[in-house]
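Quick notes on the structure that follows.
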Amino acid sequence: MARYYPIMLDVSAMRCVVIGGGAVAERKTAALLEAGAAHVVVIAPEATEGLVRLGKEGKIRLERRRFAACDAAALGADLVIAASSDRALNRIAAAAAKRAGALVNVVDDAASGSFVTPAVVRRGELVIAVSASGASPALSARIARELKQRYGAEYERSASLLKRLRERLATAVPDRGERQRLLRLAAEEAPHHPDAELSMQAAVDEAEVDRAIDRWIERLRMSADKPSVPKACTAGKDKEADGRTTKMADSGHDGRTIVVGTRQSALALTQTGQVVEELRRLSEKHGFNYKFEIKKS
Ligand SMILES: C[C@@]1(CC(=O)O)c2cc3[nH]c(cc4nc(cc5[nH]c(cc(n2)[C@H]1CCC(=O)O)[C@@](C)(CC(=O)O)[C@@H]5CCC(=O)O)C(CC(=O)O)=C4CCC(=O)O)c(CCC(=O)O)c3CC(=O)O
Ligand SMILES: NC(=O)C1=CN([C@@H]2O[C@H](COP(=O)(O)OP(=O)(O)OC[C@H]3O[C@@H](n4cnc5c(N)ncnc54)[C@H](O)[C@@H]3O)[C@@H](O)[C@H]2O)C=CC1
């Protein structure tokens, strides 16, 4: 079994040919379209309803015919998926397409091709791919299903927020080392980016989004530089410059309150005190300065 080198392929401009029109061909075709492939030809005498629909919608070109060994259609392709039920044909087609320089996937004999298709979880620009190198496709599928639960739809937003932050940092912070430190810190927060999330939801124009990103950068810098110094301790110094920090300095916290509920027994109260102390320590370490409130039942 091959040791595979994983890559992310831009198929948008590639000429893709899928041989076969069954359930497997349909799944591989759908994955190509999902990845933005704009030139997909499917060749098969029989095709699933799904493929016929894609043909009618103009998303693929469906050629209802048998694929002949060394078919010219595959020889001009950049990427070929041999997904017919004819094992011998798949191998011959793969060999010819490989010689002609195409990337080739063979669904019933991975070794005849040059790549295998992993199980995939898409969250916008975040793409998680799982492969067991052909050892157990069912295991790849199971792990992808688990990752789908772990990394929910909120990660799509995380990826796009981090992209914006990264673009902004490229000009705002010339030092590469510092930029990397801030980006790693920001990625740790995913999928919760407190400042960025809140400000951007309310933002009405691009300039406002940029200001939200700048506030985020400011907070990341503070956490990176002085992990043990909470924001409010320094906020008084730049009262003029930033209305938001002034508010923090005045109220002694950054406007957010964490409410901790507890019963009133001596043990519960002692433990609640310990939890609050730990939360306070951690939040200060990461540059937040929350107010804590204990609610007794
Ligand atoms: C080598 C590879 C070549 C390639 O296709 O690229 C290949 C080959 C074969 N698959 C077979 C069987 C099954 N394939 C699936 C499912 C998927 N197969 C996929 C990929 C791959 N399959 C490549 C390696 C992937 C890796 O690296 O891990 C997935 C991940 C991606 C996709 O296809 O989109 C997709 C899951 C999508 C999802 O749900 O997320 C299931 C599960 C099911 O159907 O529920 C079964 C039945 C259970 C089982 O066998 O495990 C057979 C025997 C056929 C027969 O018996 O006739 C072969 C041929 C052989 O093993 O030689
Ligand atoms: N890699 C994978 O994930 C999996 C691979 N397989 C393998 O994939 C193959 C296809 O599976 P299914 O789609 O379920 O089969 P299927 O029987 O539903 O479809 C086969 C397709 O191949 C076409 N075909 C046959 N001869 C052809 C030719 N000369 N030219 C063009 N098309 C031709 C048929 O018209 C049909 O559309 C099987 O060999 C199976 O062992 C099966 C399950 C998963």
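For the structure tokens, the naming scheme is as follows: chains receive sequential letters (A, B, ...) according to their order of presentation, residues are indexed from 1 within each chain, and ligands are indexed from 1 in presentation order.
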Which residues sit within 9 Å of ligand 2, counting only C-alpha atoms and all ligand atoms, listed as JSON, numbers by chain?
{"A": [18, 19, 20, 21, 22, 23, 24, 25, 26, 27, 28, 42, 43, 44, 45, 46, 47, 48, 64, 65, 66, 67, 68, 69, 82, 83, 84, 85, 86, 87, 89, 90, 105, 106, 107, 108, 109, 110, 116, 117, 134, 137]}
Near-Arg123 of chain A list (9 Å; only C-alpha atoms; drop same-chain fewer than 5 positions) as a PyMOL selection string:
chain A and resi 128+148+151-157+159
Would you put the residues from that selection into a file with N, CA, C and O atoms, as a JSON list (two decimals), in the first residue's frame?
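Listed below is the output, again_30.json:
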[["chain", "number", "residue", "atom", "x", "y", "z"],
["A", 128, "ILE", "N", -11.42, 19.50, 6.21],
["A", 128, "ILE", "CA", -10.76, 18.43, 6.96],
["A", 128, "ILE", "C", -10.88, 17.16, 6.13],
["A", 128, "ILE", "O", -11.98, 16.74, 5.76],
["A", 148, "LYS", "N", -17.09, 15.95, 12.12],
["A", 148, "LYS", "CA", -18.19, 16.83, 11.73],
["A", 148, "LYS", "C", -18.92, 17.33, 12.98],
["A", 148, "LYS", "O", -19.34, 18.49, 13.05],
["A", 151, "TYR", "N", -16.29, 19.70, 14.97],
["A", 151, "TYR", "CA", -16.05, 21.01, 14.34],
["A", 151, "TYR", "C", -17.31, 21.41, 13.58],
["A", 151, "TYR", "O", -17.46, 21.11, 12.39],
["A", 152, "GLY", "N", -18.21, 22.08, 14.27],
["A", 152, "GLY", "CA", -19.52, 22.42, 13.71],
["A", 152, "GLY", "C", -19.48, 23.61, 12.76],
["A", 152, "GLY", "O", -18.40, 24.13, 12.42],
["A", 153, "ALA", "N", -20.68, 24.04, 12.38],
["A", 153, "ALA", "CA", -20.82, 25.12, 11.40],
["A", 153, "ALA", "C", -20.11, 26.41, 11.85],
["A", 153, "ALA", "O", -19.69, 27.22, 11.02],
["A", 154, "GLU", "N", -19.95, 26.58, 13.18],
["A", 154, "GLU", "CA", -19.32, 27.81, 13.69],
["A", 154, "GLU", "C", -17.88, 27.96, 13.21],
["A", 154, "GLU", "O", -17.34, 29.07, 13.18],
["A", 155, "TYR", "N", -17.27, 26.86, 12.80],
["A", 155, "TYR", "CA", -15.87, 26.96, 12.35],
["A", 155, "TYR", "C", -15.75, 27.62, 10.97],
["A", 155, "TYR", "O", -14.68, 28.09, 10.59],
["A", 156, "GLU", "N", -16.85, 27.66, 10.22],
["A", 156, "GLU", "CA", -16.82, 28.37, 8.95],
["A", 156, "GLU", "C", -16.56, 29.85, 9.22],
["A", 156, "GLU", "O", -15.74, 30.49, 8.59],
["A", 157, "ARG", "N", -17.28, 30.37, 10.22],
["A", 157, "ARG", "CA", -17.13, 31.77, 10.59],
["A", 157, "ARG", "C", -15.72, 32.02, 11.15],
["A", 157, "ARG", "O", -15.09, 33.02, 10.86],
["A", 159, "ALA", "N", -12.99, 30.51, 10.41],
["A", 159, "ALA", "CA", -12.00, 30.56, 9.33],
["A", 159, "ALA", "C", -12.06, 31.90, 8.62],
["A", 159, "ALA", "O", -11.02, 32.50, 8.32]]
In segment 69-173 of chain A, what's helix (DSSP H, G or I) per DSSP? Answer as a PyMOL selection string?
chain A and resi 72-75+87-99+110-112+137-150+154-172
Save the residues we just selected, C-alpha atoms, as an mmCIF file, in the first residue's frame?
data_model
loop_
_atom_site.group_PDB
_atom_site.id
_atom_site.type_symbol
_atom_site.label_atom_id
_atom_site.label_comp_id
_atom_site.auth_asym_id
_atom_site.auth_seq_id
_atom_site.Cartn_x
_atom_site.Cartn_y
_atom_site.Cartn_z
ATOM 1 C CA ALA A 72 -9.321 10.487 -26.427
ATOM 2 C CA ALA A 73 -11.560 12.148 -23.835
ATOM 3 C CA ALA A 74 -9.340 10.932 -21.007
ATOM 4 C CA LEU A 75 -6.095 11.576 -22.837
ATOM 5 C CA ARG A 87 -12.208 -3.521 -13.618
ATOM 6 C CA ALA A 88 -10.053 -4.210 -16.680
ATOM 7 C CA LEU A 89 -11.271 -1.068 -18.407
ATOM 8 C CA ASN A 90 -10.538 1.041 -15.312
ATOM 9 C CA ARG A 91 -6.940 -0.189 -15.274
ATOM 10 C CA ILE A 92 -6.304 0.327 -18.997
ATOM 11 C CA ALA A 93 -7.872 3.782 -18.922
ATOM 12 C CA ALA A 94 -5.835 4.701 -15.855
ATOM 13 C CA ALA A 95 -2.559 3.602 -17.390
ATOM 14 C CA ALA A 96 -3.211 5.568 -20.585
ATOM 15 C CA ALA A 97 -4.311 8.713 -18.750
ATOM 16 C CA LYS A 98 -1.291 8.537 -16.444
ATOM 17 C CA ARG A 99 1.055 8.288 -19.401
ATOM 18 C CA ALA A 110 -6.000 2.289 -5.857
ATOM 19 C CA ALA A 111 -2.529 1.089 -6.835
ATOM 20 C CA SER A 112 -3.302 1.640 -10.547
ATOM 21 C CA PRO A 137 -12.714 3.515 3.729
ATOM 22 C CA ALA A 138 -15.410 2.818 6.335
ATOM 23 C CA LEU A 139 -13.028 3.935 9.101
ATOM 24 C CA SER A 140 -12.201 7.156 7.216
ATOM 25 C CA ALA A 141 -15.929 7.832 6.843
ATOM 26 C CA ARG A 142 -16.554 7.177 10.551
ATOM 27 C CA ILE A 143 -13.780 9.482 11.699
ATOM 28 C CA ALA A 144 -15.006 12.205 9.334
ATOM 29 C CA ARG A 145 -18.490 11.864 10.847
ATOM 30 C CA GLU A 146 -16.992 12.321 14.318
ATOM 31 C CA LEU A 147 -15.016 15.371 13.220
ATOM 32 C CA LYS A 148 -18.194 16.828 11.729
ATOM 33 C CA GLN A 149 -19.713 16.833 15.218
ATOM 34 C CA ARG A 150 -16.560 18.198 16.852
ATOM 35 C CA GLU A 154 -19.320 27.808 13.693
ATOM 36 C CA TYR A 155 -15.871 26.963 12.352
ATOM 37 C CA GLU A 156 -16.817 28.366 8.946
ATOM 38 C CA ARG A 157 -17.126 31.767 10.588
ATOM 39 C CA SER A 158 -13.907 31.218 12.524
ATOM 40 C CA ALA A 159 -12.003 30.555 9.334
ATOM 41 C CA SER A 160 -13.326 33.680 7.648
ATOM 42 C CA LEU A 161 -12.672 35.859 10.719
ATOM 43 C CA LEU A 162 -9.128 34.555 11.027
ATOM 44 C CA LYS A 163 -8.590 35.190 7.324
ATOM 45 C CA ARG A 164 -9.626 38.819 7.786
ATOM 46 C CA LEU A 165 -7.390 39.160 10.813
ATOM 47 C CA ARG A 166 -4.490 37.634 8.916
ATOM 48 C CA GLU A 167 -4.922 39.992 5.978
ATOM 49 C CA ARG A 168 -5.045 42.948 8.355
ATOM 50 C CA LEU A 169 -1.952 41.803 10.262
ATOM 51 C CA ALA A 170 -0.001 41.469 7.027
ATOM 52 C CA THR A 171 0.124 45.269 6.814
ATOM 53 C CA ALA A 172 -0.438 46.253 10.464
#
Tell me, which residues of segment 50-255 of chain A carry DSSP strand (DSSP E), written as a list in words?
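So the strand (DSSP E) residues in segment 50-255 of chain A would be Arg61, Leu62, Glu63, Leu79, Val80, Ile81, Ala82, Leu103, Val104, Asn105, Val106, Ala119, Val120, Val121, Arg122, Arg123, Leu126, Val127, Ile128, Ala129 and Val130 of chain A.
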One decimal, Å: what's the distance from atom CA of Thr272 of chain A over to atom CA of Glu284 of chain A, could you say?
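Atom-to-atom, atom CA of Thr272 of chain A to atom CA of Glu284 of chain A, that is 18.1 Å.
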For Ser12 of chain A, work out the shell of residues within 7 Å, counting only C-alpha atoms and skipping chain neighbours fewer than 3 positions away, then give it as a list in words.
Gly36, Ala37 and Ala38 of chain A
Report, in Å with one decimal, the straight-line distance from atom CA of Asp10 of chain A to atom CA of Leu33 of chain A.
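Separating atom CA of Asp10 of chain A from atom CA of Leu33 of chain A is a distance of 11.5 Å.
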Atom pair atom 51 (O, counted along the ligand's line) of ligand 1 / atom CA of Val120 of chain A: separation (Å)
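About the pair atom 51 (O, counted along the ligand's line) of ligand 1 and atom CA of Val120 of chain A: they are 15.3 Å apart.
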Pick from A:Val173, A:Leu282, A:Gly113, A:Val17: nearest to Asp214 of chain A, with only C-alpha atoms counted?
A:Val173
Can you tell me which residues surround segment 258-266 of chain A at a distance of at most 10 Å, considering only C-alpha atoms, apart from same-chain residues fewer than 6 positions away, and format the answer as number ranges by chain?
A: 272-273, 275-276, 279-280, 290-297
Emit the selected residues as an mmCIF file, in the first residue's frame, including all heavy atoms.
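Output contents, as saved in part07.cif:
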data_model
loop_
_atom_site.group_PDB
_atom_site.id
_atom_site.type_symbol
_atom_site.label_atom_id
_atom_site.label_comp_id
_atom_site.auth_asym_id
_atom_site.auth_seq_id
_atom_site.Cartn_x
_atom_site.Cartn_y
_atom_site.Cartn_z
ATOM 1 N N THR A 272 -17.276 26.835 45.180
ATOM 2 C CA THR A 272 -17.608 27.910 44.240
ATOM 3 C C THR A 272 -16.517 28.982 44.266
ATOM 4 O O THR A 272 -16.095 29.500 43.234
ATOM 5 C CB THR A 272 -18.966 28.539 44.602
ATOM 6 O OG1 THR A 272 -19.936 27.507 44.620
ATOM 7 C CG2 THR A 272 -19.379 29.601 43.599
ATOM 8 N N GLY A 273 -16.062 29.278 45.491
ATOM 9 C CA GLY A 273 -14.986 30.273 45.625
ATOM 10 C C GLY A 273 -13.754 29.840 44.858
ATOM 11 O O GLY A 273 -13.128 30.633 44.148
ATOM 12 N N VAL A 275 -13.646 27.799 42.261
ATOM 13 C CA VAL A 275 -13.927 27.854 40.819
ATOM 14 C C VAL A 275 -13.793 29.285 40.312
ATOM 15 O O VAL A 275 -13.174 29.566 39.281
ATOM 16 C CB VAL A 275 -15.344 27.286 40.512
ATOM 17 C CG1 VAL A 275 -15.774 27.624 39.097
ATOM 18 C CG2 VAL A 275 -15.365 25.782 40.730
ATOM 19 N N VAL A 276 -14.369 30.225 41.071
ATOM 20 C CA VAL A 276 -14.319 31.632 40.652
ATOM 21 C C VAL A 276 -12.871 32.131 40.605
ATOM 22 O O VAL A 276 -12.466 32.816 39.661
ATOM 23 C CB VAL A 276 -15.187 32.508 41.593
ATOM 24 C CG1 VAL A 276 -14.898 33.986 41.390
ATOM 25 C CG2 VAL A 276 -16.662 32.214 41.374
ATOM 26 N N LEU A 279 -11.280 30.737 37.513
ATOM 27 C CA LEU A 279 -11.784 31.416 36.314
ATOM 28 C C LEU A 279 -11.170 32.806 36.189
ATOM 29 O O LEU A 279 -10.784 33.253 35.115
ATOM 30 C CB LEU A 279 -13.313 31.541 36.375
ATOM 31 C CG LEU A 279 -14.120 30.293 36.029
ATOM 32 C CD1 LEU A 279 -15.598 30.518 36.294
ATOM 33 C CD2 LEU A 279 -13.918 29.925 34.561
ATOM 34 N N ARG A 280 -11.057 33.499 37.336
ATOM 35 C CA ARG A 280 -10.487 34.851 37.328
ATOM 36 C C ARG A 280 -9.021 34.799 36.896
ATOM 37 O O ARG A 280 -8.572 35.562 36.060
ATOM 38 C CB ARG A 280 -10.594 35.462 38.736
ATOM 39 C CG ARG A 280 -10.475 36.995 38.746
ATOM 40 C CD ARG A 280 -10.331 37.535 40.148
ATOM 41 N NE ARG A 280 -11.404 37.160 41.052
ATOM 42 C CZ ARG A 280 -12.582 37.779 41.108
ATOM 43 N NH1 ARG A 280 -12.850 38.776 40.295
ATOM 44 N NH2 ARG A 280 -13.489 37.390 41.971
ATOM 45 N N TYR A 290 -13.202 40.040 33.480
ATOM 46 C CA TYR A 290 -14.625 39.888 33.738
ATOM 47 C C TYR A 290 -14.981 40.222 35.181
ATOM 48 O O TYR A 290 -14.153 40.123 36.074
ATOM 49 C CB TYR A 290 -15.062 38.439 33.486
ATOM 50 C CG TYR A 290 -14.918 37.995 32.054
ATOM 51 C CD1 TYR A 290 -14.133 36.907 31.731
ATOM 52 C CD2 TYR A 290 -15.590 38.666 31.033
ATOM 53 C CE1 TYR A 290 -14.011 36.477 30.432
ATOM 54 C CE2 TYR A 290 -15.464 38.247 29.723
ATOM 55 C CZ TYR A 290 -14.678 37.159 29.424
ATOM 56 O OH TYR A 290 -14.561 36.749 28.134
ATOM 57 N N LYS A 291 -16.276 40.584 35.359
ATOM 58 C CA LYS A 291 -16.800 40.722 36.713
ATOM 59 C C LYS A 291 -17.443 39.376 37.069
ATOM 60 O O LYS A 291 -18.079 38.760 36.221
ATOM 61 C CB LYS A 291 -17.855 41.824 36.705
ATOM 62 C CG LYS A 291 -18.401 42.143 38.056
ATOM 63 C CD LYS A 291 -19.469 43.221 37.915
ATOM 64 C CE LYS A 291 -20.133 43.427 39.245
ATOM 65 N NZ LYS A 291 -21.424 44.094 39.072
ATOM 66 N N PHE A 292 -17.255 38.926 38.294
ATOM 67 C CA PHE A 292 -17.860 37.659 38.712
ATOM 68 C C PHE A 292 -18.958 37.908 39.739
ATOM 69 O O PHE A 292 -18.811 38.751 40.607
ATOM 70 C CB PHE A 292 -16.785 36.725 39.306
ATOM 71 C CG PHE A 292 -15.876 36.174 38.263
ATOM 72 C CD1 PHE A 292 -14.736 36.863 37.874
ATOM 73 C CD2 PHE A 292 -16.172 34.983 37.620
ATOM 74 C CE1 PHE A 292 -13.899 36.371 36.891
ATOM 75 C CE2 PHE A 292 -15.343 34.472 36.638
ATOM 76 C CZ PHE A 292 -14.206 35.180 36.275
ATOM 77 N N GLU A 293 -20.039 37.161 39.576
ATOM 78 C CA GLU A 293 -21.155 37.305 40.500
ATOM 79 C C GLU A 293 -21.547 35.911 40.969
ATOM 80 O O GLU A 293 -21.667 35.001 40.150
ATOM 81 C CB GLU A 293 -22.331 37.918 39.732
ATOM 82 C CG GLU A 293 -23.092 38.975 40.495
ATOM 83 C CD GLU A 293 -24.144 39.573 39.566
ATOM 84 O OE1 GLU A 293 -23.812 40.549 38.869
ATOM 85 O OE2 GLU A 293 -25.254 39.017 39.519
ATOM 86 N N ILE A 294 -21.716 35.740 42.294
ATOM 87 C CA ILE A 294 -22.129 34.417 42.789
ATOM 88 C C ILE A 294 -23.601 34.485 43.171
ATOM 89 O O ILE A 294 -24.020 35.369 43.914
ATOM 90 C CB ILE A 294 -21.265 34.008 44.004
ATOM 91 C CG1 ILE A 294 -19.802 33.869 43.556
ATOM 92 C CG2 ILE A 294 -21.774 32.704 44.610
ATOM 93 C CD1 ILE A 294 -18.829 33.515 44.652
ATOM 94 N N LYS A 295 -24.372 33.588 42.586
ATOM 95 C CA LYS A 295 -25.815 33.541 42.872
ATOM 96 C C LYS A 295 -26.123 32.311 43.705
ATOM 97 O O LYS A 295 -25.821 31.200 43.284
ATOM 98 C CB LYS A 295 -26.594 33.473 41.543
ATOM 99 C CG LYS A 295 -27.186 34.791 41.142
ATOM 100 C CD LYS A 295 -28.435 34.601 40.290
ATOM 101 C CE LYS A 295 -29.145 35.935 40.154
ATOM 102 N NZ LYS A 295 -28.953 36.538 38.858
ATOM 103 N N LYS A 296 -26.687 32.535 44.898
ATOM 104 C CA LYS A 296 -26.978 31.378 45.774
ATOM 105 C C LYS A 296 -28.441 30.972 45.663
ATOM 106 O O LYS A 296 -29.312 31.833 45.631
ATOM 107 C CB LYS A 296 -26.658 31.752 47.224
ATOM 108 C CG LYS A 296 -25.210 32.145 47.431
ATOM 109 C CD LYS A 296 -25.008 32.711 48.822
ATOM 110 C CE LYS A 296 -23.715 33.502 48.901
ATOM 111 N NZ LYS A 296 -23.657 34.365 50.058
ATOM 112 N N SER A 297 -28.687 29.655 45.624
ATOM 113 C CA SER A 297 -30.078 29.198 45.499
ATOM 114 C C SER A 297 -30.637 28.821 46.869
ATOM 115 O O SER A 297 -29.892 28.593 47.805
ATOM 116 C CB SER A 297 -30.149 27.981 44.587
ATOM 117 O OG SER A 297 -29.470 26.917 45.212
#
Find, counting only C-alpha atoms, the residue in A:Thr29, A:Asn289, A:Val121, A:Lys59 that gets nearest to Thr257 of chain A.
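Closest to Thr257 of chain A, using only C-alpha atoms: A:Asn289.
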